[in-house]
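Peer 1: The structure file run-v7.csv (CSV, C-alpha atoms and all ligand atoms) is provided below.
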```csv
chain,number,residue,atom,x,y,z
R,1170,MET,CA,20.0,0.0,16.4
R,1171,ASN,CA,17.3,-2.7,16.1
R,1172,SER,CA,13.8,-1.5,15.3
R,1173,ILE,CA,11.0,-2.1,17.7
R,1174,VAL,CA,7.7,-3.4,16.3
R,1175,ALA,CA,4.6,-3.2,18.5
R,1176,ILE,CA,1.5,-5.3,17.9
R,1177,VAL,CA,-1.7,-3.5,19.0
R,1178,GLY,CA,-5.4,-4.2,18.7
R,1179,ARG,CA,-8.4,-5.2,20.8
R,1180,PRO,CA,-8.5,-8.6,22.6
R,1181,ASN,CA,-8.9,-11.8,20.7
R,1182,VAL,CA,-7.9,-10.6,17.2
R,1183,GLY,CA,-4.9,-12.8,17.3
R,1184,LYS,CA,-2.1,-10.5,18.5
R,1185,SER,CA,-0.4,-13.2,20.6
R,1186,THR,CA,-0.7,-15.8,17.9
R,1187,LEU,CA,1.0,-13.4,15.5
R,1188,PHE,CA,3.6,-12.5,18.1
R,1189,ASN,CA,4.5,-16.2,18.5
R,1190,ARG,CA,4.8,-16.7,14.8
R,1191,LEU,CA,7.0,-13.6,14.4
R,1192,VAL,CA,9.3,-14.6,17.3
R,1193,GLN,CA,9.1,-18.2,16.4
R,1194,ARG,CA,8.4,-19.6,19.8
R,1195,ARG,CA,5.4,-20.9,21.4
R,1196,ASP,CA,5.6,-19.8,25.0
R,1197,ALA,CA,3.9,-16.4,24.8
R,1198,ILE,CA,0.4,-16.4,26.3
R,1199,VAL,CA,-2.4,-17.2,23.8
R,1200,ASP,CA,-5.8,-17.2,25.5
R,1201,SER,CA,-9.2,-17.2,24.0
R,1202,VAL,CA,-10.8,-16.8,27.4
R,1203,SER,CA,-11.9,-13.2,28.4
R,1204,GLY,CA,-11.4,-11.7,31.8
R,1205,VAL,CA,-7.8,-12.6,32.3
R,1206,THR,CA,-4.8,-10.4,32.8
R,1207,ARG,CA,-2.2,-10.9,30.1
R,1208,ASP,CA,1.3,-9.7,30.3
R,1209,ARG,CA,3.2,-7.6,27.9
R,1210,HIS,CA,5.6,-9.7,26.0
R,1211,TYR,CA,8.9,-8.9,24.3
R,1212,GLY,CA,10.6,-11.1,21.8
R,1213,LYS,CA,13.3,-11.0,19.2
R,1214,SER,CA,13.0,-11.7,15.5
R,1215,ASP,CA,14.9,-11.5,12.3
R,1216,TRP,CA,13.8,-11.5,8.6
R,1217,ASN,CA,15.7,-10.7,5.4
R,1218,GLY,CA,18.8,-10.1,7.5
R,1219,LYS,CA,17.2,-7.5,9.7
R,1220,GLN,CA,17.0,-8.0,13.4
R,1221,PHE,CA,14.2,-6.4,15.4
R,1222,SER,CA,12.2,-6.6,18.7
R,1223,VAL,CA,8.5,-7.4,18.8
R,1224,ILE,CA,6.2,-6.2,21.6
R,1225,ASP,CA,2.9,-8.0,22.2
R,1226,THR,CA,0.7,-5.4,23.9
R,1227,GLY,CA,-2.0,-7.7,25.2
R,1228,GLY,CA,-1.3,-6.8,28.8
R,1229,TYR,CA,-4.7,-5.5,30.0
R,1230,VAL,CA,-7.6,-6.7,32.1
R,1231,ILE,CA,-10.7,-7.5,30.1
R,1232,GLY,CA,-14.1,-7.3,31.7
R,1233,SER,CA,-15.4,-3.8,31.4
R,1234,ASP,CA,-15.6,-1.5,28.4
R,1235,ASP,CA,-14.4,1.4,30.5
R,1236,ILE,CA,-11.3,-0.5,31.6
R,1237,PHE,CA,-10.7,-1.6,28.0
R,1238,GLU,CA,-11.0,1.9,26.6
R,1239,GLU,CA,-8.5,3.3,29.2
R,1240,GLU,CA,-6.1,0.4,28.8
R,1241,ILE,CA,-6.2,0.3,25.0
R,1242,ARG,CA,-5.4,4.0,25.1
R,1243,LYS,CA,-2.4,3.3,27.3
R,1244,GLN,CA,-1.2,0.4,25.2
R,1245,VAL,CA,-1.4,2.4,22.0
R,1246,ALA,CA,0.3,5.4,23.7
R,1247,LEU,CA,3.1,3.1,24.9
R,1248,ALA,CA,3.4,1.6,21.4
R,1249,ILE,CA,3.6,5.1,19.9
R,1250,ASP,CA,6.4,6.0,22.4
R,1251,GLU,CA,8.4,2.8,22.2
R,1252,ALA,CA,7.9,1.4,18.8
R,1253,ASP,CA,9.4,2.4,15.4
R,1254,ILE,CA,6.7,0.4,13.6
R,1255,ILE,CA,3.2,-0.5,14.6
R,1256,ILE,CA,1.1,-3.5,13.6
R,1257,PHE,CA,-2.6,-2.9,14.1
R,1258,VAL,CA,-4.4,-6.3,14.1
R,1259,VAL,CA,-8.1,-6.7,13.3
R,1260,ASP,CA,-10.2,-9.8,12.9
R,1261,VAL,CA,-12.0,-10.7,9.6
R,1262,GLU,CA,-14.4,-13.0,11.6
R,1263,GLU,CA,-15.8,-10.1,13.6
R,1264,GLY,CA,-15.4,-7.3,11.1
R,1265,ILE,CA,-14.9,-3.7,12.3
R,1266,THR,CA,-16.0,-3.3,15.9
R,1267,PRO,CA,-16.4,0.0,17.8
R,1268,MET,CA,-13.2,-0.8,19.6
R,1269,ASP,CA,-11.3,-1.2,16.3
R,1270,ALA,CA,-12.6,2.2,15.2
R,1271,GLU,CA,-11.4,3.7,18.4
R,1272,VAL,CA,-7.9,2.3,18.0
R,1273,ALA,CA,-7.9,3.4,14.3
R,1274,LYS,CA,-8.8,6.9,15.5
R,1275,LEU,CA,-5.8,6.9,17.9
R,1276,LEU,CA,-3.5,5.6,15.1
R,1277,HIS,CA,-4.6,8.3,12.6
R,1278,LYS,CA,-2.4,10.8,14.6
R,1279,VAL,CA,0.7,8.6,14.6
R,1280,LYS,CA,3.5,9.5,12.2
R,1281,LYS,CA,5.3,6.2,12.4
R,1282,PRO,CA,4.7,3.4,9.8
R,1283,ILE,CA,1.5,1.5,10.6
R,1284,PHE,CA,0.7,-1.8,9.1
R,1285,THR,CA,-3.0,-2.7,9.3
R,1286,VAL,CA,-3.3,-6.5,9.4
R,1287,VAL,CA,-6.5,-8.3,8.8
R,1288,ASN,CA,-6.1,-11.6,10.7
R,1289,LYS,CA,-7.9,-14.9,10.5
R,1290,VAL,CA,-8.0,-14.8,6.7
R,1291,ASP,CA,-7.5,-18.6,6.7
R,1292,ASN,CA,-8.7,-19.1,3.2
R,1293,SER,CA,-9.1,-17.1,0.0
R,1294,MET,CA,-12.9,-16.7,0.4
R,1295,ARG,CA,-12.2,-14.4,3.4
R,1296,GLU,CA,-10.2,-12.0,1.2
R,1297,THR,CA,-13.6,-10.5,0.1
R,1298,ASP,CA,-14.7,-10.1,3.7
R,1299,ALA,CA,-11.6,-8.2,4.4
R,1300,LEU,CA,-12.5,-5.4,2.0
R,1301,GLU,CA,-14.6,-3.6,4.7
R,1302,PHE,CA,-11.4,-2.8,6.6
R,1303,TYR,CA,-10.7,0.0,4.1
R,1304,ASN,CA,-13.4,1.8,6.1
R,1305,LEU,CA,-11.0,2.2,9.0
R,1306,GLY,CA,-9.4,5.0,7.0
R,1307,LEU,CA,-5.9,3.7,7.3
R,1308,GLY,CA,-5.4,2.8,3.7
R,1309,ASP,CA,-4.2,-0.5,2.4
R,1310,TYR,CA,-3.9,-3.5,4.7
R,1311,HIS,CA,-2.3,-7.0,4.7
R,1312,THR,CA,-4.4,-10.1,5.0
R,1313,ILE,CA,-2.9,-12.9,7.0
R,1314,SER,CA,-3.6,-16.1,9.0
R,1315,SER,CA,-1.5,-16.1,12.1
R,1316,MET,CA,-2.7,-19.6,12.6
R,1317,ASN,CA,-1.6,-21.2,9.4
R,1318,GLY,CA,1.0,-18.6,8.5
R,1319,SER,CA,-0.3,-17.4,5.1
R,1320,GLY,CA,0.5,-13.8,4.3
R,1321,THR,CA,3.0,-13.5,7.1
R,1322,GLY,CA,6.0,-13.7,4.8
R,1323,ASP,CA,4.7,-10.8,2.7
R,1324,LEU,CA,3.9,-8.8,5.8
R,1325,LEU,CA,7.5,-9.3,7.1
R,1326,ASP,CA,8.9,-8.3,3.7
R,1327,ALA,CA,6.9,-5.1,3.9
R,1328,ILE,CA,7.8,-4.4,7.5
R,1329,THR,CA,11.5,-5.0,7.2
R,1330,ALA,CA,11.6,-2.8,4.0
R,1331,LYS,CA,10.8,0.1,6.4
R,1332,MET,CA,13.8,-0.6,8.6
R,1401,LIG,P1,-5.1,-11.7,21.3
R,1401,LIG,O1,-6.1,-11.6,22.4
R,1401,LIG,O2,-5.3,-10.6,20.3
R,1401,LIG,O3,-3.7,-11.9,21.7
R,1401,LIG,O4,-5.5,-13.0,20.5
R,1401,LIG,P2,-4.9,-14.5,20.6
R,1401,LIG,O5,-3.7,-14.6,19.8
R,1401,LIG,O6,-5.0,-14.9,22.0
R,1401,LIG,O7,-6.0,-15.3,19.8
R,1401,LIG,C1,-7.4,-15.3,20.1
R,1401,LIG,C2,-8.1,-16.4,19.5
R,1401,LIG,O8,-8.1,-16.3,18.0
R,1401,LIG,C3,-7.5,-17.8,19.8
R,1401,LIG,O9,-8.5,-18.8,20.0
R,1401,LIG,C4,-6.6,-18.1,18.5
R,1401,LIG,O10,-6.4,-19.5,18.3
R,1401,LIG,C5,-7.5,-17.5,17.4
R,1401,LIG,N1,-6.7,-17.1,16.2
R,1401,LIG,C6,-5.6,-16.4,16.2
R,1401,LIG,N2,-5.2,-16.3,14.9
R,1401,LIG,C7,-6.0,-16.9,14.1
R,1401,LIG,C8,-6.1,-17.1,12.7
R,1401,LIG,O11,-5.3,-16.7,11.9
R,1401,LIG,N3,-7.2,-17.8,12.3
R,1401,LIG,C9,-8.2,-18.3,13.1
R,1401,LIG,N4,-9.2,-19.0,12.6
R,1401,LIG,N5,-8.1,-18.1,14.5
R,1401,LIG,C10,-7.1,-17.4,15.0
R,1402,MG,MG,-2.8,-11.8,23.6
```
Can I see the file as structure tokens?

Peer 2:
Amino acid sequence: MNSIVAIVGRPNVGKSTLFNRLVQRRDAIVDSVSGVTRDRHYGKSDWNGKQFSVIDTGGYVIGSDDIFEEEIRKQVALAIDEADIIIFVVDVEEGITPMDAEVAKLLHKVKKPIFTVVNKVDNSMRETDALEFYNLGLGDYHTISSMNGSGTGDLLDAITAKM
């Protein structure tokens, strides 16, 4: 059976941009504007001869921290239930936010493979900035740029090795 990979994380870290790159299509919703409802997206991908499904879990309404907290909890819970492998995306431009810490706390309890992905590492100078993400307590992480694609091949190698 094909594995299911879920992409979780707070809004604007680049989940949909990564999803588009993984499923190699450009029609998933990518939106930098807050306050919009975004749908949950499913796509198919393959790498190293392994076929798998990808879920972009961006489908929540942004606008209030309370709504976010509740929705992110639901999204992570769904990901835990549905997915075999979880990609937790954070943003090197913003660093660790309280919302990231909250998601990390939820993920600490999960027994499935979790890949922490520091996104927006568009150049090598940002590798140093990424070091702070060790403080999430999730161990090692991958640095990628969903925008220019750097690091995504290594990430896919690591993910498909778990399938
Ligand atoms: P989501 O809310 O987590 O799904 O995030 P989106 O994929 O909608 O991206 C949010 C914003 O971050 C958009 O303006 C993207 O263009 C931008 N973005 C996504 N990935 C990267 C990246 O690797 N580098 C940079 N510099 N910007 C990115
Ligand atoms: Mg999105």

Peer 1: Can you pull out the residues contacting Lys1289 in chain R? Cut-off 9 Å, using all atoms listed in the file, and skip same-chain residues under 5 positions away; I want them as a PDB file with C-alpha atoms, in the frame of the given file.

Peer 2:
```pdb
ATOM      1  CA  VAL R1182      -7.900 -10.600  17.200  1.00  0.00           C
ATOM      2  CA  GLY R1183      -4.900 -12.800  17.300  1.00  0.00           C
ATOM      3  CA  VAL R1259      -8.100  -6.700  13.300  1.00  0.00           C
ATOM      4  CA  ASP R1260     -10.200  -9.800  12.900  1.00  0.00           C
ATOM      5  CA  VAL R1261     -12.000 -10.700   9.600  1.00  0.00           C
ATOM      6  CA  GLU R1262     -14.400 -13.000  11.600  1.00  0.00           C
ATOM      7  CA  ARG R1295     -12.200 -14.400   3.400  1.00  0.00           C
ATOM      8  CA  THR R1312      -4.400 -10.100   5.000  1.00  0.00           C
ATOM      9  CA  ILE R1313      -2.900 -12.900   7.000  1.00  0.00           C
ATOM     10  CA  SER R1314      -3.600 -16.100   9.000  1.00  0.00           C
ATOM     11  CA  SER R1315      -1.500 -16.100  12.100  1.00  0.00           C
ATOM     12  CA  MET R1316      -2.700 -19.600  12.600  1.00  0.00           C
ATOM     13  CA  ASN R1317      -1.600 -21.200   9.400  1.00  0.00           C
TER      14      ASN R1317
END
```

Peer 1: Out of R:Asp1291, R:Asp1215, R:Met1332, R:Asp1253, which residue has the shortest atom-to-atom distance to ligand LIG 1401 (chain R) when counting only C-alpha atoms and all ligand atoms?

Peer 2: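 Result for the nearest residue to ligand LIG 1401 (chain R): R:Asp1291.
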
Peer 1: Return as a tab-separated table the residues of range 1248-1320 of chain R lying at most 12 Å from range 1220-1225 of chain R, together with the closest atom-to-atom pair for each and the distance in Å to one decimal, counting all atoms listed in the file, with rows in chain order and ascending residue number.

Peer 2:
```
residue	atom	partner	partner_atom	distance
R:Ala1248	CA	R:Ile1224	CA	8.3
R:Ile1249	CA	R:Ile1224	CA	11.7
R:Glu1251	CA	R:Ile1224	CA	9.3
R:Ala1252	CA	R:Ile1224	CA	8.3
R:Asp1253	CA	R:Ser1222	CA	10.0
R:Ile1254	CA	R:Val1223	CA	9.5
R:Ile1255	CA	R:Ile1224	CA	9.5
R:Ile1256	CA	R:Val1223	CA	9.8
R:Phe1257	CA	R:Asp1225	CA	11.0
R:Val1258	CA	R:Asp1225	CA	11.0
```

Peer 1: Could you tell me which of R:Leu1191, R:Leu1325, R:Ala1270, R:Ile1283 comes closest to Asn1304 in chain R if we count only C-alpha atoms?

Peer 2: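 Among the listed residues, R:Ala1270 lies closest to Asn1304 in chain R.
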
Peer 1: Find the residue from R:Thr1186, R:Asp1326, R:Met1294, R:Phe1302 that sits nearest to Glu1263 in chain R; use only C-alpha atoms when measuring.

Peer 2: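 So, comparing all the options, the nearest one is R:Phe1302.
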
Peer 1: Using all atoms listed in the file and a cutoff of 10 Å, can you tell me which residues are near (-8.3, 0.3, 7.5) in the file's coordinates, and write them out as a ChimeraX atom specification?

Peer 2: /R:1257,1259,1265,1269-1270,1273,1284-1287,1299-1311

Peer 1: Rounded to one decimal place, report the CA of Met1268 in chain R-CA of Asp1323 in chain R distance in Å.

Peer 2: 26.6 Å
